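Listing of model.cif, mmCIF, C-alpha atoms, pLDDT in the B column; chains and numbers go by the auth columns
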data_target
loop_
_atom_site.group_PDB
_atom_site.id
_atom_site.type_symbol
_atom_site.label_atom_id
_atom_site.label_comp_id
_atom_site.label_asym_id
_atom_site.label_seq_id
_atom_site.Cartn_x
_atom_site.Cartn_y
_atom_site.Cartn_z
_atom_site.B_iso_or_equiv
_atom_site.auth_seq_id
_atom_site.auth_asym_id
ATOM 1 C CA THR A 1 -10.522 -17.170 -0.174 51.00 1 A
ATOM 2 C CA ARG A 2 -9.129 -19.483 2.473 57.00 2 A
ATOM 3 C CA TYR A 3 -8.307 -17.995 5.854 54.00 3 A
ATOM 4 C CA PRO A 4 -6.309 -19.559 8.661 52.00 4 A
ATOM 5 C CA ASN A 5 -8.482 -21.693 10.963 56.00 5 A
ATOM 6 C CA LEU A 6 -8.267 -19.140 13.765 56.00 6 A
ATOM 7 C CA PHE A 7 -9.907 -16.466 11.597 59.00 7 A
ATOM 8 C CA GLN A 8 -12.545 -18.761 10.084 62.00 8 A
ATOM 9 C CA THR A 9 -14.242 -19.089 13.458 63.00 9 A
ATOM 10 C CA ILE A 10 -14.712 -15.339 13.843 62.00 10 A
ATOM 11 C CA PRO A 11 -18.142 -14.408 12.488 65.00 11 A
ATOM 12 C CA MET A 12 -17.783 -11.662 9.868 68.00 12 A
ATOM 13 C CA ALA A 13 -20.001 -10.730 6.965 68.00 13 A
ATOM 14 C CA ASN A 14 -17.076 -9.107 5.113 74.00 14 A
ATOM 15 C CA ARG A 15 -13.409 -10.043 5.046 77.00 15 A
ATOM 16 C CA ILE A 16 -10.363 -8.316 3.633 81.00 16 A
ATOM 17 C CA PRO A 17 -8.921 -10.546 0.902 83.00 17 A
ATOM 18 C CA ILE A 18 -5.571 -12.050 1.856 84.00 18 A
ATOM 19 C CA PHE A 19 -4.053 -10.908 -1.466 87.00 19 A
ATOM 20 C CA LEU A 20 -4.880 -7.293 -0.572 88.00 20 A
ATOM 21 C CA THR A 21 -3.272 -7.596 2.845 88.00 21 A
ATOM 22 C CA THR A 22 -0.190 -9.128 1.227 90.00 22 A
ATOM 23 C CA LEU A 23 -0.072 -6.361 -1.381 91.00 23 A
ATOM 24 C CA VAL A 24 -0.335 -3.596 1.243 91.00 24 A
ATOM 25 C CA ILE A 25 2.543 -5.041 3.250 92.00 25 A
ATOM 26 C CA SER A 26 4.626 -5.787 0.141 91.00 26 A
ATOM 27 C CA ARG A 27 4.264 -2.224 -1.171 87.00 27 A
ATOM 28 C CA ASP A 28 5.455 -0.752 2.122 88.00 28 A
ATOM 29 C CA VAL A 29 8.374 -3.191 2.343 92.00 29 A
ATOM 30 C CA LEU A 30 9.328 -2.315 -1.254 86.00 30 A
ATOM 31 C CA ILE A 31 9.290 1.417 -0.501 85.00 31 A
ATOM 32 C CA VAL A 32 11.469 0.965 2.590 88.00 32 A
ATOM 33 C CA ALA A 33 13.868 -1.347 0.698 89.00 33 A
ATOM 34 C CA ILE A 34 14.232 1.147 -2.161 85.00 34 A
ATOM 35 C CA ALA A 35 14.844 4.005 0.276 85.00 35 A
ATOM 36 C CA TRP A 36 17.469 1.941 2.086 88.00 36 A
ATOM 37 C CA MET A 37 19.233 0.994 -1.166 84.00 37 A
ATOM 38 C CA LEU A 38 19.232 4.614 -2.349 83.00 38 A
ATOM 39 C CA HIS A 39 20.716 5.653 0.968 83.00 39 A
ATOM 40 C CA LEU A 40 23.462 3.031 0.730 85.00 40 A
ATOM 41 C CA ALA A 41 24.238 3.542 -2.963 80.00 41 A
ATOM 42 C CA TYR A 42 23.749 7.294 -3.396 77.00 42 A
ATOM 43 C CA GLY A 43 23.697 8.789 0.096 79.00 43 A
ATOM 44 C CA LYS A 44 20.099 9.967 -0.311 76.00 44 A
ATOM 45 C CA THR A 45 18.522 10.716 3.058 75.00 45 A
ATOM 46 C CA ARG A 46 15.372 12.639 2.157 77.00 46 A
ATOM 47 C CA PHE A 47 12.412 10.966 0.525 76.00 47 A
ATOM 48 C CA GLN A 48 9.353 13.109 0.044 81.00 48 A
ATOM 49 C CA PRO A 49 5.961 11.425 0.393 85.00 49 A
ATOM 50 C CA THR A 50 3.852 11.653 -2.748 89.00 50 A
ATOM 51 C CA LEU A 51 0.256 12.635 -3.272 95.00 51 A
ATOM 52 C CA TRP A 52 -0.435 9.096 -4.541 94.00 52 A
ATOM 53 C CA GLY A 53 1.038 7.631 -1.365 92.00 53 A
ATOM 54 C CA LYS A 54 -1.108 9.867 0.825 94.00 54 A
ATOM 55 C CA LEU A 55 -4.233 9.074 -1.205 97.00 55 A
ATOM 56 C CA THR A 56 -3.444 5.368 -0.904 95.00 56 A
ATOM 57 C CA THR A 57 -3.149 5.616 2.873 94.00 57 A
ATOM 58 C CA GLY A 58 -6.457 7.483 3.004 96.00 58 A
ATOM 59 C CA THR A 59 -8.114 4.876 0.802 96.00 59 A
ATOM 60 C CA GLU A 60 -6.807 2.078 3.025 95.00 60 A
ATOM 61 C CA LEU A 61 -8.153 3.785 6.149 96.00 61 A
ATOM 62 C CA VAL A 62 -11.565 4.426 4.581 97.00 62 A
ATOM 63 C CA THR A 63 -11.739 0.801 3.414 95.00 63 A
ATOM 64 C CA ILE A 64 -10.992 -0.478 6.908 92.00 64 A
ATOM 65 C CA GLY A 65 -13.628 1.851 8.364 94.00 65 A
ATOM 66 C CA ILE A 66 -16.233 0.711 5.835 92.00 66 A
ATOM 67 C CA LEU A 67 -15.370 -2.920 6.496 90.00 67 A
ATOM 68 C CA LEU A 68 -15.672 -2.510 10.261 88.00 68 A
ATOM 69 C CA LEU A 69 -18.987 -0.675 9.942 90.00 69 A
ATOM 70 C CA CYS A 70 -20.460 -3.238 7.553 87.00 70 A
ATOM 71 C CA ASN A 71 -19.308 -6.100 9.777 85.00 71 A
ATOM 72 C CA HIS A 72 -20.913 -4.360 12.738 84.00 72 A
ATOM 73 C CA LEU A 73 -24.135 -4.091 10.761 86.00 73 A
ATOM 74 C CA GLY A 74 -23.760 -7.782 9.909 84.00 74 A
ATOM 75 C CA SER A 75 -24.423 -7.614 6.190 84.00 75 A
ATOM 76 C CA VAL A 76 -22.558 -7.765 2.908 83.00 76 A
ATOM 77 C CA TYR A 77 -22.685 -4.439 1.073 86.00 77 A
ATOM 78 C CA LEU A 78 -21.483 -3.516 -2.410 91.00 78 A
ATOM 79 C CA ILE A 79 -19.544 -0.569 -0.940 93.00 79 A
ATOM 80 C CA VAL A 80 -17.128 -3.049 0.689 91.00 80 A
ATOM 81 C CA HIS A 81 -16.217 -4.552 -2.675 93.00 81 A
ATOM 82 C CA VAL A 82 -15.914 -1.112 -4.267 96.00 82 A
ATOM 83 C CA ALA A 83 -13.612 0.031 -1.444 96.00 83 A
ATOM 84 C CA ILE A 84 -11.447 -3.087 -1.792 94.00 84 A
ATOM 85 C CA VAL A 85 -11.081 -2.550 -5.549 96.00 85 A
ATOM 86 C CA ALA A 86 -10.317 1.159 -5.005 97.00 86 A
ATOM 87 C CA THR A 87 -7.647 0.235 -2.469 95.00 87 A
ATOM 88 C CA LEU A 88 -6.133 -2.305 -4.859 95.00 88 A
ATOM 89 C CA VAL A 89 -5.978 0.262 -7.665 96.00 89 A
ATOM 90 C CA MET A 90 -4.451 2.912 -5.389 96.00 90 A
ATOM 91 C CA ILE A 91 -1.792 0.508 -4.082 94.00 91 A
ATOM 92 C CA LEU A 92 -0.740 -0.370 -7.614 93.00 92 A
ATOM 93 C CA VAL A 93 -0.774 3.238 -8.859 95.00 93 A
ATOM 94 C CA SER A 94 1.207 4.574 -5.900 93.00 94 A
ATOM 95 C CA GLY A 95 3.654 1.661 -5.994 89.00 95 A
ATOM 96 C CA PHE A 96 4.440 2.277 -9.662 91.00 96 A
ATOM 97 C CA ASP A 97 4.587 6.026 -8.992 92.00 97 A
ATOM 98 C CA TYR A 98 7.238 5.480 -6.305 87.00 98 A
ATOM 99 C CA LEU A 99 9.226 3.258 -8.672 87.00 99 A
ATOM 100 C CA TRP A 100 8.972 5.813 -11.502 90.00 100 A
ATOM 101 C CA ARG A 101 10.026 8.673 -9.229 87.00 101 A
ATOM 102 C CA THR A 102 12.979 6.648 -7.959 84.00 102 A
ATOM 103 C CA VAL A 103 14.204 5.802 -11.457 85.00 103 A
ATOM 104 C CA ARG A 104 13.800 9.425 -12.531 86.00 104 A
ATOM 105 C CA MET A 105 15.595 10.715 -9.411 80.00 105 A
ATOM 106 C CA VAL A 106 18.559 8.401 -9.948 80.00 106 A
ATOM 107 C CA ARG A 107 18.791 9.360 -13.634 82.00 107 A
ATOM 108 C CA ASP A 108 18.438 13.117 -13.034 79.00 108 A
ATOM 109 C CA GLU A 109 20.492 13.642 -9.896 70.00 109 A
ATOM 110 C CA GLY A 110 22.893 10.739 -9.837 64.00 110 A
ATOM 111 C CA PRO A 111 24.890 9.934 -6.742 57.00 111 A
ATOM 112 C CA GLU A 112 25.672 12.601 -4.173 56.00 112 A
ATOM 113 C CA PRO A 113 29.345 13.145 -3.395 56.00 113 A
ATOM 114 C CA PRO A 114 30.419 11.431 -0.158 55.00 114 A
ATOM 115 C CA SER A 115 30.613 13.769 2.826 57.00 115 A
#
Write-out of the structure in structure tokens:
Amino acid sequence: TRYPNLFQTIPMANRIPIFLTTLVISRDVLIVAIAWMLHLAYGKTRFQPTLWGKLTTGTELVTIGILLLCNHLGSVYLIVHVAIVATLVMILVSGFDYLWRTVRMVRDEGPEPPS
């Protein structure tokens, strides 16, 4: 994976793949965009966090902790790759879960009457 020149000079044994960083940011932007559109179109103002979303956040935090520890130790460890794959899977699962819940909510409840 290519990193910007600034980051290539920083000595690290383990790096977070750029695609994972992009996916994390994209998922959060998608969730906010969907919430905003539902608010504009249907007047929805409450969006409950899901278990998958909370597990994804926890997985992301654990992955960052593992990465920092392994970089501090200065070696490449298999646990870093496992954590990155786990984070990728959780991002995809929770992203699709949010989409599914949104579609189901719109179908079941429909628009709220204007106040």
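The gap separating CA of Arg15 in chain A from CA of Val93 in chain A is 23.0 Å, in Å to one decimal.
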Pairwise distance, CA of Val103 in chain A with CA of Ile91 in chain A, equals 18.4 Å
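Among the candidate residues A:Gly58, A:Ser75, A:Ile66, A:Ile31, the one lying nearest to Trp100 in chain A is A:Ile31, with distances computed using all atoms listed in the file.
If only C-alpha atoms are the atoms counted, then among A:Thr63, A:Ala86, A:Leu73, A:Gly95 the closest residue to Ile25 in chain A is A:Gly95.
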At a cut-off of 9 Å around the point (10.2, 1.6, -6.1) (file coordinates), what residues fall inside when counting all atoms listed in the file? I'd like the answer as a PyMOL selection string. chain A and resi 27+30-35+95-103
Hey, can you spit out that residue selection with C-alpha atoms as a short mmCIF file (atom, residue, chain, number, x, y, z; two decimals), keeping the file's coordinate frame?
data_model
loop_
_atom_site.label_atom_id
_atom_site.label_comp_id
_atom_site.auth_asym_id
_atom_site.auth_seq_id
_atom_site.Cartn_x
_atom_site.Cartn_y
_atom_site.Cartn_z
CA ARG A 27 4.26 -2.22 -1.17
CA LEU A 30 9.33 -2.32 -1.25
CA ILE A 31 9.29 1.42 -0.50
CA VAL A 32 11.47 0.96 2.59
CA ALA A 33 13.87 -1.35 0.70
CA ILE A 34 14.23 1.15 -2.16
CA ALA A 35 14.84 4.00 0.28
CA GLY A 95 3.65 1.66 -5.99
CA PHE A 96 4.44 2.28 -9.66
CA ASP A 97 4.59 6.03 -8.99
CA TYR A 98 7.24 5.48 -6.30
CA LEU A 99 9.23 3.26 -8.67
CA TRP A 100 8.97 5.81 -11.50
CA ARG A 101 10.03 8.67 -9.23
CA THR A 102 12.98 6.65 -7.96
CA VAL A 103 14.20 5.80 -11.46
#
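With CA of Gly43 in chain A on one side and CA of Met90 in chain A on the other, the separation reads 29.3 Å.
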What's around range 49-53 of chain A at 7 Å? Count only C-alpha atoms, leave out sequence neighbours fewer than 3 positions away in its own chain, and write the answer as number ranges by chain. A: 56-57, 94
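Distances here use all atoms listed in the file; by that measure, the residue among A:Ile18, A:Val89, A:Ala41, A:Val76 closest to Val106 in chain A is A:Ala41.
Comparing the minimum interatomic distances between Arg107 in chain A and each of A:Leu61, A:Met37, A:Thr21, A:Tyr42, counting all atoms listed in the file, we find that A:Tyr42 sits nearest.
With all atoms listed in the file as the atoms that count, the residue of A:Asp108, A:Asn14, A:Leu92, A:Leu40 with the shortest distance to Val80 in chain A is A:Asn14.
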The PyMOL selection byres ((chain A and resi 17) around 12) - which residues does that actually catch in the file I just gave you? List them as a PyMOL selection string. chain A and resi 1-3+14-16+18-24+63-64+67+80-81+83-85+87-88
Selection to disk with C-alpha atoms, as a PDB file, keeping the file's coordinate frame:
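Output saved as selection_13.pdb:
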ATOM      1  CA  THR A   1     -10.522 -17.170  -0.174  1.00 51.00           C
ATOM      2  CA  ARG A   2      -9.129 -19.483   2.473  1.00 57.00           C
ATOM      3  CA  TYR A   3      -8.307 -17.995   5.854  1.00 54.00           C
ATOM      4  CA  ASN A  14     -17.076  -9.107   5.113  1.00 74.00           C
ATOM      5  CA  ARG A  15     -13.409 -10.043   5.046  1.00 77.00           C
ATOM      6  CA  ILE A  16     -10.363  -8.316   3.633  1.00 81.00           C
ATOM      7  CA  ILE A  18      -5.571 -12.050   1.856  1.00 84.00           C
ATOM      8  CA  PHE A  19      -4.053 -10.908  -1.466  1.00 87.00           C
ATOM      9  CA  LEU A  20      -4.880  -7.293  -0.572  1.00 88.00           C
ATOM     10  CA  THR A  21      -3.272  -7.596   2.845  1.00 88.00           C
ATOM     11  CA  THR A  22      -0.190  -9.128   1.227  1.00 90.00           C
ATOM     12  CA  LEU A  23      -0.072  -6.361  -1.381  1.00 91.00           C
ATOM     13  CA  VAL A  24      -0.335  -3.596   1.243  1.00 91.00           C
ATOM     14  CA  THR A  63     -11.739   0.801   3.414  1.00 95.00           C
ATOM     15  CA  ILE A  64     -10.992  -0.478   6.908  1.00 92.00           C
ATOM     16  CA  LEU A  67     -15.370  -2.920   6.496  1.00 90.00           C
ATOM     17  CA  VAL A  80     -17.128  -3.049   0.689  1.00 91.00           C
ATOM     18  CA  HIS A  81     -16.217  -4.552  -2.675  1.00 93.00           C
ATOM     19  CA  ALA A  83     -13.612   0.031  -1.444  1.00 96.00           C
ATOM     20  CA  ILE A  84     -11.447  -3.087  -1.792  1.00 94.00           C
ATOM     21  CA  VAL A  85     -11.081  -2.550  -5.549  1.00 96.00           C
ATOM     22  CA  THR A  87      -7.647   0.235  -2.469  1.00 95.00           C
ATOM     23  CA  LEU A  88      -6.133  -2.305  -4.859  1.00 95.00           C
TER      24      LEU A  88
END
Around all the atoms of range 47-66 of chain A listed in the file, draw an axis-aligned box and extend it by 5 Å on each of the six sides; I want its centre and edge lengths in Å to one decimal, as lines of an AutoDock Vina configuration file.
center_x = -1.9
center_y = 6.3
center_z = 1.9
size_x = 38.6
size_y = 23.6
size_z = 22.9
